[in-house]
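start.txt follows; it contains compact mmCIF, C-alpha atoms.
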```
# COMPACT_ATOMS: atom_id res chain seq x y z
CA MET A 93 1.34 -56.92 -33.09
CA VAL A 94 4.04 -54.76 -34.72
CA GLU A 95 1.77 -51.75 -34.28
CA LYS A 96 1.88 -52.37 -30.51
CA LEU A 97 5.68 -52.12 -30.26
CA ILE A 98 7.26 -48.91 -28.95
CA VAL A 99 10.99 -48.94 -29.68
CA MET A 100 12.82 -47.01 -26.97
CA LEU A 101 16.28 -45.69 -27.85
CA THR A 102 17.38 -46.23 -24.26
CA HIS A 103 19.81 -48.57 -22.56
CA HIS A 104 19.56 -49.13 -18.80
CA ASP A 105 16.99 -46.31 -18.56
CA VAL A 106 19.19 -43.70 -20.27
CA THR A 107 18.83 -42.42 -23.84
CA VAL A 108 21.83 -43.60 -25.84
CA PRO A 109 24.23 -40.92 -27.14
CA ASN A 110 23.89 -42.10 -30.76
CA ALA A 111 20.10 -42.36 -30.66
CA LYS A 112 19.74 -40.30 -33.85
CA GLU A 113 22.04 -42.61 -35.80
CA VAL A 114 20.30 -45.71 -34.46
CA PHE A 115 16.92 -44.34 -35.47
CA GLU A 116 18.16 -43.40 -38.95
CA SER A 117 19.41 -46.97 -39.44
CA CYS A 118 15.94 -48.38 -38.69
CA ARG A 119 13.45 -45.73 -39.81
CA ASP A 120 12.38 -47.77 -42.86
CA LEU A 121 11.26 -50.74 -40.75
CA PRO A 122 7.49 -51.17 -40.17
CA VAL A 123 7.64 -49.83 -36.60
CA VAL A 124 5.42 -46.78 -36.04
CA ASN A 125 6.03 -46.05 -32.34
CA TRP A 126 9.40 -44.67 -31.21
CA GLY A 127 10.62 -42.95 -28.08
CA PHE A 128 13.30 -42.36 -25.49
CA LYS A 129 13.86 -41.21 -21.91
CA ASP A 130 14.24 -37.65 -20.65
CA VAL A 131 17.84 -38.30 -19.57
CA GLY A 132 21.09 -38.90 -21.44
CA MET A 133 20.83 -36.18 -24.07
CA PRO A 134 20.64 -32.36 -24.05
CA PRO A 135 17.09 -30.99 -24.55
CA ALA A 136 17.97 -29.44 -27.92
CA GLN A 137 19.08 -32.82 -29.25
CA MET A 138 15.93 -34.43 -27.83
CA ARG A 139 13.81 -31.95 -29.75
CA GLU A 140 15.79 -32.57 -32.93
CA LEU A 141 15.38 -36.35 -32.59
CA CYS A 142 11.68 -36.12 -31.77
CA GLN A 143 11.06 -33.92 -34.81
CA LEU A 144 13.09 -36.27 -37.01
CA MET A 145 10.88 -39.14 -35.90
CA LYS A 146 7.72 -37.17 -36.59
CA GLN A 147 8.96 -36.12 -40.03
CA ALA A 148 9.43 -39.83 -40.74
CA GLY A 149 5.76 -40.41 -39.88
CA LYS A 150 6.39 -41.97 -36.50
CA THR A 151 4.34 -41.62 -33.29
CA THR A 152 6.56 -40.37 -30.46
CA PHE A 153 6.77 -41.21 -26.76
CA LEU A 154 8.80 -39.58 -23.98
CA GLU A 155 9.10 -41.78 -20.90
CA VAL A 156 9.90 -40.01 -17.63
CA VAL A 157 10.98 -42.05 -14.60
CA THR A 158 10.90 -39.46 -11.83
CA TYR A 159 8.84 -39.21 -8.70
CA SER A 160 8.62 -35.67 -7.32
CA GLU A 161 5.97 -33.24 -8.55
CA GLU A 162 8.67 -30.81 -9.69
CA GLU A 163 10.52 -33.46 -11.69
CA CYS A 164 7.35 -34.79 -13.26
CA MET A 165 6.28 -31.29 -14.31
CA ARG A 166 9.71 -30.73 -15.81
CA GLY A 167 9.25 -33.91 -17.85
CA ALA A 168 5.82 -32.79 -19.04
CA LYS A 169 7.18 -29.42 -20.15
CA LEU A 170 10.07 -31.13 -21.94
CA ALA A 171 7.62 -33.38 -23.79
CA VAL A 172 5.68 -30.32 -24.96
CA GLU A 173 8.79 -28.36 -25.94
CA CYS A 174 10.09 -31.30 -28.00
CA GLY A 175 6.72 -31.95 -29.64
CA PHE A 176 6.09 -35.50 -28.41
CA ASP A 177 2.72 -37.16 -28.98
CA TYR A 178 2.68 -39.02 -25.64
CA LEU A 179 4.13 -38.55 -22.16
CA ALA A 180 4.57 -41.96 -20.48
CA GLY A 181 5.58 -42.45 -16.88
CA THR A 182 5.81 -39.95 -14.01
CA ILE A 183 3.91 -40.37 -10.78
CA PHE A 184 0.44 -38.94 -11.33
CA TYR A 185 -0.07 -35.37 -10.16
CA ASP A 186 -3.15 -33.24 -10.76
CA SER A 187 -0.92 -30.28 -11.60
CA VAL A 188 0.82 -32.24 -14.36
CA LEU A 189 -2.50 -33.37 -15.80
CA GLU A 190 -3.90 -29.84 -15.76
CA TYR A 191 -0.83 -28.59 -17.61
CA ILE A 192 -1.06 -31.40 -20.18
CA LYS A 193 -4.76 -30.73 -20.79
CA GLN A 194 -3.73 -27.34 -22.15
CA GLN A 195 -1.28 -28.93 -24.60
CA ASP A 196 -1.38 -31.21 -27.62
CA LEU A 197 -0.11 -34.17 -25.60
CA LYS A 198 -1.54 -37.43 -24.28
CA TYR A 199 -0.68 -38.56 -20.74
CA CYS A 200 0.00 -42.14 -19.55
CA PRO A 201 1.24 -41.97 -15.92
CA PHE A 202 2.53 -44.91 -13.94
CA VAL A 203 -0.03 -47.03 -12.16
CA GLY A 204 0.75 -48.66 -8.81
CA LYS A 205 3.37 -47.70 -6.24
CA VAL A 206 6.53 -46.99 -8.24
CA SER A 207 9.84 -46.20 -6.57
CA GLY A 208 13.58 -46.73 -6.76
CA SER A 209 16.11 -46.88 -9.57
CA PRO A 210 15.79 -49.20 -11.36
CA SER A 211 12.08 -48.86 -10.73
CA VAL A 212 10.13 -51.32 -8.60
CA LEU A 213 6.34 -51.71 -8.82
CA GLU A 214 4.20 -52.53 -5.79
CA GLY A 215 0.46 -52.70 -5.11
CA THR A 216 -2.36 -55.17 -5.61
CA VAL A 217 -4.34 -55.40 -8.82
CA SER A 218 -7.36 -53.90 -7.07
CA PHE A 219 -5.27 -50.96 -5.82
CA CYS A 220 -3.93 -50.33 -9.32
CA LEU A 221 -7.42 -50.55 -10.83
CA GLU A 222 -8.67 -48.01 -8.29
CA GLN A 223 -5.92 -45.67 -9.45
CA GLU A 224 -6.79 -46.38 -13.08
CA ALA A 225 -10.43 -45.46 -12.42
CA GLU A 226 -9.38 -42.25 -10.67
CA TYR A 227 -7.07 -41.24 -13.51
CA ARG A 228 -9.71 -42.15 -16.10
CA ASN A 229 -12.29 -39.97 -14.38
CA LYS A 230 -9.83 -37.09 -14.39
CA GLY A 231 -9.18 -37.41 -18.11
CA VAL A 232 -5.83 -39.14 -18.65
CA PHE A 233 -5.37 -41.05 -21.90
CA GLY A 234 -3.84 -44.27 -20.54
CA VAL A 235 -1.50 -45.79 -17.95
CA ASP A 236 2.09 -47.05 -17.90
CA LEU A 237 2.45 -50.47 -16.25
CA LEU A 238 5.92 -51.64 -15.17
CA GLY A 239 4.65 -55.19 -15.23
CA TYR A 240 7.89 -57.14 -15.15
CA ARG A 241 9.16 -54.90 -12.34
CA TYR A 242 6.35 -56.12 -10.05
CA SER A 243 7.85 -57.22 -6.71
CA GLN A 244 4.93 -58.68 -4.76
CA GLY A 245 4.04 -61.77 -6.72
CA ASP A 246 4.08 -63.30 -10.19
CA PRO A 247 4.54 -60.33 -12.56
CA GLU A 248 2.86 -62.08 -15.48
CA VAL A 249 -0.25 -63.06 -13.50
CA PHE A 250 -0.43 -59.55 -12.05
CA SER A 251 0.00 -57.84 -15.42
CA ALA A 252 -2.48 -60.04 -17.27
CA ASP A 253 -5.11 -59.43 -14.58
CA PHE A 254 -4.60 -55.68 -14.64
CA ILE A 255 -4.59 -55.39 -18.44
CA LYS A 256 -7.73 -57.53 -18.72
CA ASN A 257 -9.64 -55.26 -16.33
CA SER A 258 -8.26 -51.82 -17.20
CA LYS A 259 -10.62 -49.60 -19.14
CA LEU A 260 -7.78 -47.32 -20.20
CA PRO A 261 -5.09 -48.16 -22.78
CA VAL A 262 -2.12 -49.83 -21.06
CA ILE A 263 1.54 -49.41 -22.00
CA MET A 264 3.38 -52.53 -20.78
CA ALA A 265 6.85 -51.15 -20.05
CA GLY A 266 10.18 -52.76 -19.36
CA SER A 267 12.07 -56.08 -19.40
CA ILE A 268 10.36 -57.71 -22.40
CA ASP A 269 13.57 -59.38 -23.49
CA SER A 270 12.90 -62.81 -24.99
CA PRO A 271 10.68 -64.52 -27.58
CA GLU A 272 8.86 -66.20 -24.68
CA ARG A 273 8.02 -62.88 -23.05
CA ILE A 274 6.92 -61.44 -26.38
CA GLU A 275 4.49 -64.34 -26.73
CA THR A 276 3.28 -63.87 -23.14
CA VAL A 277 2.69 -60.17 -23.73
CA ARG A 278 0.94 -60.94 -27.00
CA LYS A 279 -1.59 -63.02 -25.03
CA MET A 280 -2.00 -60.22 -22.43
CA ASN A 281 -2.85 -57.88 -25.33
CA PRO A 282 -1.90 -54.47 -23.89
CA TRP A 283 -2.45 -51.37 -25.99
CA THR A 284 1.32 -51.10 -26.55
CA PHE A 285 4.57 -52.33 -25.02
CA THR A 286 8.09 -50.89 -24.88
CA MET A 287 11.42 -52.42 -25.78
CA GLY A 288 14.84 -50.79 -25.55
CA SER A 289 17.68 -52.37 -23.57
CA ALA A 290 16.88 -55.84 -24.93
CA LEU A 291 17.69 -54.62 -28.44
CA PHE A 292 20.94 -52.96 -27.38
CA ASP A 293 21.87 -56.07 -25.37
CA LYS A 294 21.31 -58.23 -28.49
CA LYS A 295 18.79 -60.50 -26.79
CA PHE A 296 17.26 -61.61 -30.10
CA ALA A 297 20.28 -61.78 -32.46
CA ALA A 298 23.39 -62.41 -30.36
CA ASP A 299 25.89 -61.33 -33.02
CA GLY A 300 23.65 -58.80 -34.69
CA THR A 301 23.34 -55.05 -34.87
CA PHE A 302 20.53 -53.08 -33.24
CA ARG A 303 18.71 -53.18 -36.58
CA GLU A 304 19.13 -56.94 -36.91
CA ASN A 305 17.75 -57.43 -33.40
CA LEU A 306 14.79 -55.20 -34.21
CA GLU A 307 14.21 -57.06 -37.46
CA LYS A 308 14.07 -60.31 -35.48
CA VAL A 309 11.51 -58.82 -33.07
CA VAL A 310 9.42 -57.58 -35.98
CA SER A 311 9.47 -61.08 -37.46
CA LEU A 312 8.35 -62.54 -34.12
CA LEU A 313 5.45 -60.08 -34.02
```
Take the structure in the file and give it back as structure tokens.
Amino acid sequence: MVEKLIVMLTHHDVTVPNAKEVFESCRDLPVVNWGFKDVGMPPAQMRELCQLMKQAGKTTFLEVVTYSEEECMRGAKLAVECGFDYLAGTIFYDSVLEYIKQQDLKYCPFVGKVSGSPSVLEGTVSFCLEQEAEYRNKGVFGVDLLGYRYSQGDPEVFSADFIKNSKLPVIMAGSIDSPERIETVRKMNPWTFTMGSALFDKKFAADGTFRENLEKVVSLL
């Protein structure tokens, strides 16, 4: 399960100012997937951090939580300029996909109706699977599911149903902040899942550092 974890250097949906130092303190741990948001840090520093991760042999993810076509395209271009492996998030737009197809980048847009800040997810499982099929036919790599942000029913039942029936890889994103939720997500078996704020909020080692919290999560996985 450790290979499914994407460590996000973000707190409350913003990349932390000392993201580079936090990464350096943990780069030796057996976590392959690392990423951050497109806000909270100047683009030049984002590129530096992304390249540092790649030089350390990590797979890199930029998550973009914006909704307009212009903002989503800006996020895609930032991901390319920084050299990320994956772009996660954004509302799906054909223009963004066409741009990404010309780049060395894999695209995992949000599935469902995503809005607000913090984000809220709406839509039935069947609606989300229809979107997934549309995106798959157009050539996206995977989808980003804000499962625990689901507002129209039990988020765990919804997420498990969607993950079970999706034919694309699913990133389970957001609010996985306890050993119990880790175990629940383990049973759902998404392609990957993200964790950021829970580590900064010391949800797994109350008196511990970021590294000690991440070590605890690794041990749980």
Skip Tyr185 in chain A itself and residues of its chain fewer than 3 positions away, then list as a compact mmCIF listing (two decimals) with C-alpha atoms, in the coordinates of the input all residues within 12 Å of it, counting only C-alpha atoms.
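Written file, out.txt:
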```txt
# COMPACT_ATOMS: atom_id res chain seq x y z
CA THR A 158 10.90 -39.46 -11.83
CA TYR A 159 8.84 -39.21 -8.70
CA SER A 160 8.62 -35.67 -7.32
CA GLU A 161 5.97 -33.24 -8.55
CA GLU A 162 8.67 -30.81 -9.69
CA GLU A 163 10.52 -33.46 -11.69
CA CYS A 164 7.35 -34.79 -13.26
CA MET A 165 6.28 -31.29 -14.31
CA ALA A 168 5.82 -32.79 -19.04
CA GLY A 181 5.58 -42.45 -16.88
CA THR A 182 5.81 -39.95 -14.01
CA VAL A 188 0.82 -32.24 -14.36
CA LEU A 189 -2.50 -33.37 -15.80
CA GLU A 190 -3.90 -29.84 -15.76
CA TYR A 191 -0.83 -28.59 -17.61
CA ILE A 192 -1.06 -31.40 -20.18
CA TYR A 199 -0.68 -38.56 -20.74
CA CYS A 200 0.00 -42.14 -19.55
CA PRO A 201 1.24 -41.97 -15.92
CA PHE A 202 2.53 -44.91 -13.94
CA VAL A 203 -0.03 -47.03 -12.16
CA GLN A 223 -5.92 -45.67 -9.45
CA GLU A 226 -9.38 -42.25 -10.67
CA TYR A 227 -7.07 -41.24 -13.51
CA LYS A 230 -9.83 -37.09 -14.39
CA VAL A 232 -5.83 -39.14 -18.65
```
**OP:** Quick one: residues within 6 Å of (13.5, -54.0, -21.6) (file frame), counting all atoms listed in the file, please, as a VMD selection string.
**Re:** chain A and resid 266 to 269 287 to 290
Original post:
When you draw a straight line from CA of Arg119 in chain A to CA of Ala148 in chain A, how long is it in Å?
Top reply: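 Computing the Euclidean distance for CA of Arg119 in chain A and CA of Ala148 in chain A yields 7.2 Å.
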Residues at most 12 Å from Asn229 in chain A, counting all atoms listed in the file, excluding those fewer than 5 positions away in the same chain, as a PDB file with C-alpha atoms, in the frame of the given file?
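Done, and the output landed in selection23.pdb:
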```pdb
ATOM      1  CA  ASP A 186      -3.150 -33.240 -10.760  1.00  0.00           C
ATOM      2  CA  LEU A 189      -2.500 -33.370 -15.800  1.00  0.00           C
ATOM      3  CA  GLU A 222      -8.670 -48.010  -8.290  1.00  0.00           C
ATOM      4  CA  GLN A 223      -5.920 -45.670  -9.450  1.00  0.00           C
ATOM      5  CA  GLU A 224      -6.790 -46.380 -13.080  1.00  0.00           C
ATOM      6  CA  GLY A 234      -3.840 -44.270 -20.540  1.00  0.00           C
ATOM      7  CA  LYS A 259     -10.620 -49.600 -19.140  1.00  0.00           C
ATOM      8  CA  LEU A 260      -7.780 -47.320 -20.200  1.00  0.00           C
TER       9      LEU A 260
END
```
**OP:** One decimal, Å: what's the distance from CA of Leu101 in chain A over to CA of Leu291 in chain A, could you say?
**Re:**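 CA of Leu291 in chain A lies at a distance of 9.1 Å from CA of Leu101 in chain A.
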**OP:** Skip range 127-129 of chain A itself and residues of its chain fewer than 6 positions away, then list as number ranges by chain all residues within 9 Å of it, counting all atoms listed in the file.
**Re:** A: 98-102, 105-108, 111, 138, 142, 145, 151-157, 176, 286, 288
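When CA of Lys256 in chain A is paired with CA of Gly208 in chain A, their separation reads 26.7 Å.
If you measure from each of A:Thr284, A:Val212, A:Phe292, A:Gln195 to Val114 in chain A using all atoms listed in the file, the closest one turns out to be A:Phe292.
With distances restricted to all atoms listed in the file, A:Met93 is the closest residue to Lys279 in chain A from A:His104, A:Met93, A:Val172, A:Tyr178.
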**OP:** Could you give me, as number ranges by chain, the residues within 9 Å of Phe302 in chain A, counting all atoms listed in the file and dropping anything in the same chain fewer than 4 positions from it?
**Re:** A: 114, 117-118, 291-294, 297, 306-307
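Taking all atoms listed in the file, the non-local environment of range 244-250 of chain A within 7 Å (same-chain residues fewer than 3 positions away omitted) comprises A:Glu214, A:Val217, A:Gly239, A:Tyr240, A:Asp253, A:Phe254.
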**OP:** Could you pull out every residue with an atom within 7 Å of (21.5, -36.5, -30.2), file coordinates, counting all atoms listed in the file, and send them as a ChimeraX atom specification?
**Re:** /A:109-112,133,137-138,141
Original post:
So, counting only C-alpha atoms, which residue among A:Thr276, A:Ser211, A:Lys205, A:Lys150 is closest to Phe115 in chain A?
Top reply: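 Ranked by minimum distance to Phe115 in chain A, first place goes to A:Lys150.
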Original post:
With all atoms listed in the file as the basis for distance, which of A:Ala225, A:Ser243, A:Gly231, A:Gln194 is at the shortest distance from Val206 in chain A?
Top reply: A:Ser243
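Nearest residue to Thr216 in chain A among A:Tyr242, A:Ser311, A:Leu121, A:Glu113 is A:Tyr242, counting all atoms listed in the file.
Nearest-residue note for Ile274 in chain A: choosing from A:Leu312, A:Asp299, A:Gly175, A:Ala252, the minimum distance belongs to A:Leu312, counting only C-alpha atoms.
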